[in-house]
Structure formats: C-alpha cells, structure tokens
$ cat target03.cif   # mmCIF, C-alpha atoms and all ligand atoms
data_target
#
loop_
_atom_site.label_atom_id
_atom_site.label_comp_id
_atom_site.auth_asym_id
_atom_site.auth_seq_id
_atom_site.Cartn_x
_atom_site.Cartn_y
_atom_site.Cartn_z
CA MET A 163 36.39 219.79 134.62
CA HIS A 164 34.85 216.40 134.11
CA ARG A 165 32.35 214.44 136.17
CA GLU A 166 32.04 210.81 137.12
CA ILE A 167 28.79 209.35 138.45
CA LEU A 168 29.64 206.94 141.26
CA PHE A 169 27.38 204.51 143.14
CA PRO A 170 24.57 204.67 140.58
CA THR A 171 21.09 203.23 141.19
CA PRO A 172 19.84 201.59 137.99
CA VAL A 173 16.11 201.32 137.28
CA TYR A 174 15.27 199.29 134.15
CA PHE A 175 12.08 199.54 132.06
CA LYS A 176 10.94 197.16 129.32
CA MET A 177 7.66 196.33 127.59
CA VAL A 178 6.63 192.68 127.13
CA LYS A 179 6.38 191.50 123.53
CA ASP A 180 2.58 191.67 123.21
CA PRO A 181 1.09 193.66 126.14
CA GLN A 182 -2.55 193.39 125.05
CA LYS A 183 -2.39 189.62 124.60
CA MET A 184 -0.50 189.16 127.87
CA ASN A 185 -2.91 191.25 129.93
CA ASP A 186 -6.07 189.84 128.35
CA TYR A 187 -4.70 186.46 129.40
CA LEU A 188 -3.50 187.43 132.90
CA PHE A 189 -6.38 189.53 134.20
CA PRO A 190 -9.06 186.79 134.36
CA LEU A 191 -6.56 184.38 135.97
CA ILE A 192 -5.58 186.85 138.69
CA LYS A 193 -9.18 187.91 139.27
CA ALA A 194 -10.28 184.27 139.74
CA TRP A 195 -7.30 183.64 142.05
CA SER A 196 -8.24 186.65 144.20
CA GLU A 197 -11.79 185.34 144.53
CA LYS A 198 -10.72 181.99 145.94
CA GLU A 199 -7.71 182.94 148.07
CA GLU A 200 -7.57 185.35 151.00
CA SER A 201 -5.09 188.19 150.84
CA ILE A 202 -1.88 187.89 152.79
CA GLN A 203 -0.68 190.96 154.66
CA LYS A 204 2.57 192.55 153.50
CA THR A 205 2.91 196.18 152.39
CA ASN A 206 -0.70 196.36 151.14
CA VAL A 207 -2.80 198.94 152.99
CA GLY A 208 -6.45 199.87 152.58
CA GLY A 209 -7.81 196.47 151.62
CA GLY A 210 -5.64 195.63 148.61
CA TRP A 211 -5.27 191.94 147.72
CA HIS A 212 -1.80 190.35 147.88
CA SER A 213 -1.52 186.75 146.68
CA SER A 214 0.73 184.10 148.15
CA THR A 215 4.29 184.29 146.84
CA GLU A 216 4.71 181.01 144.92
CA MET A 217 3.22 182.38 141.70
CA TYR A 218 6.30 181.28 139.73
CA HIS A 219 5.43 177.63 140.48
CA LYS A 220 2.07 178.02 138.75
CA LYS A 221 2.33 176.85 135.14
CA GLU A 222 -0.40 179.18 133.89
CA TYR A 223 1.81 182.21 134.58
CA LYS A 224 4.74 180.91 132.53
CA PRO A 225 4.20 183.41 129.66
CA LEU A 226 4.93 186.26 132.09
CA THR A 227 7.67 184.42 133.98
CA ASP A 228 9.48 183.85 130.67
CA GLU A 229 9.36 187.60 129.88
CA LEU A 230 10.68 188.44 133.36
CA PHE A 231 13.63 186.08 132.90
CA ILE A 232 14.49 187.53 129.48
CA MET A 233 14.69 191.02 131.00
CA GLN A 234 16.55 189.78 134.08
CA HIS A 235 19.20 188.14 131.88
CA GLU A 236 19.65 191.46 130.09
CA ILE A 237 20.11 193.16 133.46
CA PHE A 238 22.62 190.56 134.62
CA LYS A 239 24.62 191.31 131.48
CA ASP A 240 24.30 195.09 131.82
CA TYR A 241 25.18 195.03 135.53
CA GLY A 242 28.03 192.53 135.15
CA MET A 243 26.50 189.72 137.16
CA GLU A 244 26.98 185.99 136.70
CA PRO A 245 26.20 183.16 136.48
CA LYS A 246 22.42 183.47 136.42
CA PRO A 247 19.19 184.77 137.96
CA GLY A 248 16.56 182.73 139.77
CA LEU A 249 13.12 183.67 141.03
CA GLY A 250 12.86 183.71 144.81
CA ALA A 251 9.26 184.89 144.97
CA MET A 252 6.49 186.17 142.71
CA TRP A 253 3.00 187.37 143.57
CA ALA A 254 0.01 189.25 142.23
CA ASN A 255 -1.47 192.45 143.64
CA ILE A 256 -4.87 194.05 143.25
CA ASN A 257 -5.08 197.58 144.60
CA TYR A 258 -8.74 198.48 144.78
CA PRO A 259 -9.61 202.20 144.92
CA GLY A 260 -8.50 203.51 148.32
CA SER A 261 -5.57 201.12 148.70
CA TYR A 262 -1.81 201.58 148.36
CA ASN A 263 1.53 199.97 149.32
CA LYS A 264 3.62 201.59 152.01
CA GLN A 265 7.30 202.21 151.46
CA HIS A 266 9.53 199.16 151.81
CA ILE A 267 12.55 197.24 150.54
CA HIS A 268 12.82 193.53 149.63
CA SER A 269 15.32 191.77 151.88
CA ASN A 270 17.47 188.84 150.76
CA SER A 271 17.01 189.49 147.05
CA GLN A 272 19.09 191.00 144.26
CA TRP A 273 16.46 192.59 142.02
CA THR A 274 12.82 193.32 142.53
CA GLY A 275 10.19 194.93 140.40
CA VAL A 276 6.73 195.00 138.97
CA TYR A 277 4.75 194.14 135.87
CA TYR A 278 1.54 196.06 135.11
CA VAL A 279 -1.55 194.11 134.10
CA LYS A 280 -4.15 196.85 134.53
CA VAL A 281 -3.66 200.52 135.35
CA PRO A 282 -6.79 202.70 135.43
CA LYS A 283 -6.32 206.46 135.36
CA ASN A 284 -5.15 207.88 138.71
CA SER A 285 -4.69 204.41 140.23
CA GLY A 286 -1.22 205.21 141.61
CA ASN A 287 2.36 205.13 140.40
CA LEU A 288 5.43 203.39 141.74
CA PHE A 289 7.71 205.76 143.65
CA VAL A 290 11.38 205.19 144.49
CA GLU A 291 13.42 207.12 147.01
CA ASP A 292 17.10 207.96 147.33
CA PRO A 293 18.49 205.21 149.57
CA ARG A 294 21.49 207.26 150.71
CA VAL A 295 21.14 208.91 154.09
CA GLY A 296 23.77 211.59 153.49
CA PRO A 297 22.04 213.52 150.69
CA LEU A 298 18.82 213.55 152.73
CA TYR A 299 20.55 215.09 155.77
CA ILE A 300 21.77 218.06 153.78
CA LEU A 301 19.36 219.07 151.03
CA PRO A 302 20.92 222.03 149.20
CA ARG A 303 18.77 224.84 147.80
CA ARG A 304 18.62 224.30 144.06
CA VAL A 305 17.34 225.86 140.86
CA GLN A 306 14.20 224.48 139.18
CA GLY A 307 14.58 221.68 136.67
CA ILE A 308 17.56 219.76 138.03
CA PRO A 309 18.18 216.39 136.29
CA LYS A 310 16.15 213.43 137.51
CA ALA A 311 19.33 211.70 138.70
CA LEU A 312 19.55 214.37 141.43
CA TRP A 313 15.98 214.07 142.70
CA SER A 314 15.39 212.47 146.11
CA LEU A 315 12.02 210.95 145.15
CA VAL A 316 10.97 209.80 141.68
CA SER A 317 7.49 208.71 140.61
CA CYS A 318 7.56 206.16 137.74
CA PRO A 319 4.33 206.22 135.69
CA ALA A 320 2.61 202.83 135.69
CA VAL A 321 2.18 201.59 132.10
CA GLU A 322 0.18 198.48 131.20
CA GLY A 323 2.49 195.88 129.67
CA GLN A 324 5.64 197.34 131.17
CA MET A 325 8.12 195.62 133.46
CA ILE A 326 10.22 197.72 135.86
CA MET A 327 13.19 196.21 137.70
CA PHE A 328 15.50 197.81 140.28
CA PRO A 329 17.82 196.80 143.14
CA ALA A 330 15.89 195.14 145.96
CA TRP A 331 17.49 197.52 148.50
CA LEU A 332 15.93 200.58 146.85
CA PRO A 333 13.10 201.98 149.04
CA HIS A 334 9.85 202.12 147.08
CA GLY A 335 6.08 202.05 147.41
CA VAL A 336 2.85 202.46 145.47
CA GLU A 337 0.73 205.59 145.60
CA LEU A 338 -2.92 205.59 146.60
CA ASN A 339 -5.39 204.27 144.02
CA GLU A 340 -7.61 207.30 143.44
CA SER A 341 -9.51 205.86 140.46
CA LYS A 342 -13.13 206.99 140.25
CA GLU A 343 -14.09 203.98 138.12
CA LYS A 344 -16.65 201.55 139.55
CA GLY A 345 -16.10 197.82 140.09
CA GLU A 346 -13.17 196.05 138.46
CA LYS A 347 -12.66 198.97 136.08
CA GLY A 348 -11.04 200.75 139.04
CA TRP A 349 -8.71 197.89 139.99
CA ARG A 350 -4.99 198.41 139.67
CA VAL A 351 -3.51 194.97 138.94
CA SER A 352 0.19 194.16 138.99
CA VAL A 353 2.63 191.32 139.53
CA SER A 354 5.71 191.70 141.73
CA PHE A 355 8.74 189.43 142.12
CA ASN A 356 12.13 188.95 143.73
CA PHE A 357 15.09 187.75 141.72
CA ILE A 358 18.03 186.11 143.45
CA GLN A 359 21.38 184.94 142.11
CA VAL A 360 21.77 181.18 141.73
FE FE A 401 8.00 196.19 146.60
#

$ encode --input "target03.cif" --output "structure tokens"
Amino acid sequence: MHREILFPTPVYFKMVKDPQKMNDYLFPLIKAWSEKEESIQKTNVGGGWHSSTEMYHKKEYKPLTDELFIMQHEIFKDYGMEPKPGLGAMWANINYPGSYNKQHIHSNSQWTGVYYVKVPKNSGNLFVEDPRVGPLYILPRRVQGIPKALWSLVSCPAVEGQMIMFPAWLPHGVELNESKEKGEKGWRVSVSFNFIQV
C-alpha cells in the first residue's frame, strides 16, 4: 500500500539571524512601550499586556519586521502563493506570571505567528489544535507514540529568537506563565502578527 497526506496543516519554524542582538535591542523598546501605553483587550487573560496593532508602522521595529518578511517570502514560495505578502497587523505581548492567551484564530488573514523576545523557564508554550471537527468527533483508541502529525493538540516549545508561522485559521493559544522568577525576569515577551496577501 502507499499513503498520501491530504489537507496538511503546515507550521513553520525559523530562527532570526542574530537572536541575542535582536532581543537585546527589542526588550527595552517593548518594556518602555508597555509602560506608557495601556493594554488593549484581545485574547490576553490574567493581566497580560497587549500593545496596539500598528507595530509594523513603527520604524524602530524594522529589524524584526524585515526578518518576518524574509520568512514569509519563503513560506509563500513553499506554499505556492503569489504575488506577495503584506503585514495586516503586528503587536507586542507581555505575559506576566499568571497570565495566558485563550484559544483563538486570526480572522481575515493568511498567516499568523509569533516571535519570541524573552522566554523564562515555565512561562508557557504555544499550543495548536487540530482544526478539523471530524477527527475530534471520533477519537480512535491508539498505541503510545503515534507520530506528531496524528496528534489532536501539539505544544510548540517557545524558543528565544525563533519565529513560528502557521495558517491564521489554525486554533491556537498560549499556556499559563508559571514562572517563579520575580519582576521582569518572569516576563514572557513576544511579538505577534498577521500576514495578508497583497
Ligand atoms: Fe494568536
């Protein structure tokens, strides 16, 4: 017999060129922004800070925006899309200990994702869930150790300096920040974005 995998759900991972340099540059900017602007309320629960969504218009974040576009162009090529990607929204998140992001999708976008600026130990991973209703209605009994492609929920370890991009219709969320670190050492800092097709 042979097998074909149909209707796949791609999740892409890529490190920025110089993670240390990028994050040493981004953290103070985002921290200062969070101190002068009130959080908006989206999927953030438990007091996490969510910036406004025009981050891609701010020149100081261009080093990260450039990296996001490089990866997005690679995805357009891999996924057979043309002509080109555009950013529809981009924002920063600070999940303080005790906060998380409830499960959601990003409407009216092609690709969404996250970049990790600061990830203390036990500060929560991204999780993605099988978007198909059928396989969730009938969950067969299975042996241990089935391939990840057959799981119904996958936790993606958060890695500083890494970008993750996936289809905007894929249900996802962020686990609870359970860091025991005090002050900003316990902050989980990330940047999220929505890519559209222009
Ligand atoms: Fe999201």

$ residues_near_ligand --input "target03.cif" --ligand "ligand FE 401 (chain A)" --cutoff "12 Å" --atoms "only C-alpha atoms and all ligand atoms" --output "ChimeraX atom specification"
/A:204-206,212,251-255,262-269,271,273-277,288-290,326-337,352-356

$ residues_around --input "target03.cif" --residues "Tyr278 in chain A" --least-positions-apart "6" --cutoff "8 Å" --atoms "only C-alpha atoms" --output "PyMOL selection string"
chain A and resi 320-325+351-353

$ closest_residue --input "target03.cif" --among "A:Gly248, A:Gly242, A:Pro190, A:Pro293" --to "Gln359 in chain A" --atoms "only C-alpha atoms"
A:Gly248

$ atom_distance --input "target03.cif" --atom1 "CA of Trp211 in chain A" --atom2 "CA of Glu346 in chain A"
12.8 Å

$ atom_distance --input "target03.cif" --atom1 "CA of Cys318 in chain A" --atom2 "CA of Ser214 in chain A"
25.3 Å

$ atom_distance --input "target03.cif" --atom1 "CA of Phe357 in chain A" --atom2 "CA of Gly250 in chain A"
5.6 Å

$ closest_residue --input "target03.cif" --among "A:Lys193, A:Lys239, A:Arg165, A:Arg294" --to "Tyr258 in chain A" --atoms "all atoms listed in the file"
A:Lys193

$ build_atoms --input "target03.cif" --residues "range 252-267 of chain A" --atoms "N, CA, C and O atoms" --output "compact mmCIF listing (two decimals), in the coordinates of the input"
# COMPACT_ATOMS: atom_id res chain seq x y z
N MET A 252 7.28 185.47 143.73
CA MET A 252 6.49 186.17 142.71
C MET A 252 5.04 186.15 143.18
O MET A 252 4.57 185.13 143.68
N TRP A 253 4.38 187.29 143.06
CA TRP A 253 3.00 187.37 143.57
C TRP A 253 2.21 188.42 142.80
O TRP A 253 2.78 189.28 142.14
N ALA A 254 0.89 188.30 142.91
CA ALA A 254 0.01 189.25 142.23
C ALA A 254 -0.59 190.22 143.25
O ALA A 254 -0.75 189.88 144.43
N ASN A 255 -0.88 191.41 142.78
CA ASN A 255 -1.47 192.45 143.64
C ASN A 255 -2.70 193.03 142.96
O ASN A 255 -2.67 193.31 141.75
N ILE A 256 -3.75 193.24 143.74
CA ILE A 256 -4.87 194.05 143.25
C ILE A 256 -5.05 195.20 144.25
O ILE A 256 -5.35 194.97 145.42
N ASN A 257 -4.82 196.41 143.77
CA ASN A 257 -5.08 197.58 144.60
C ASN A 257 -6.44 198.15 144.18
O ASN A 257 -6.58 198.74 143.12
N TYR A 258 -7.41 197.92 145.03
CA TYR A 258 -8.74 198.48 144.78
C TYR A 258 -8.67 199.98 145.08
O TYR A 258 -7.76 200.43 145.80
N PRO A 259 -9.63 200.78 144.56
CA PRO A 259 -9.61 202.20 144.92
C PRO A 259 -9.54 202.38 146.44
O PRO A 259 -10.22 201.67 147.19
N GLY A 260 -8.67 203.27 146.89
CA GLY A 260 -8.50 203.51 148.32
C GLY A 260 -7.35 202.73 148.93
O GLY A 260 -7.05 202.88 150.11
N SER A 261 -6.68 201.89 148.15
CA SER A 261 -5.57 201.12 148.70
C SER A 261 -4.24 201.58 148.12
O SER A 261 -4.19 202.25 147.08
N TYR A 262 -3.16 201.19 148.79
CA TYR A 262 -1.81 201.58 148.36
C TYR A 262 -0.81 200.61 148.99
O TYR A 262 -1.20 199.72 149.76
N ASN A 263 0.48 200.78 148.69
CA ASN A 263 1.53 199.97 149.32
C ASN A 263 2.54 200.90 149.99
O ASN A 263 3.13 201.75 149.32
N LYS A 264 2.70 200.71 151.29
CA LYS A 264 3.62 201.59 152.01
C LYS A 264 5.07 201.34 151.58
O LYS A 264 5.38 200.28 151.02
N GLN A 265 5.90 202.30 151.89
CA GLN A 265 7.30 202.21 151.46
C GLN A 265 8.01 201.02 152.10
O GLN A 265 7.80 200.72 153.27
N HIS A 266 8.86 200.35 151.31
CA HIS A 266 9.53 199.16 151.81
C HIS A 266 10.73 198.82 150.94
O HIS A 266 10.93 199.43 149.88
N ILE A 267 11.50 197.85 151.37
CA ILE A 267 12.55 197.24 150.54
C ILE A 267 12.27 195.73 150.51
O ILE A 267 11.39 195.25 151.24
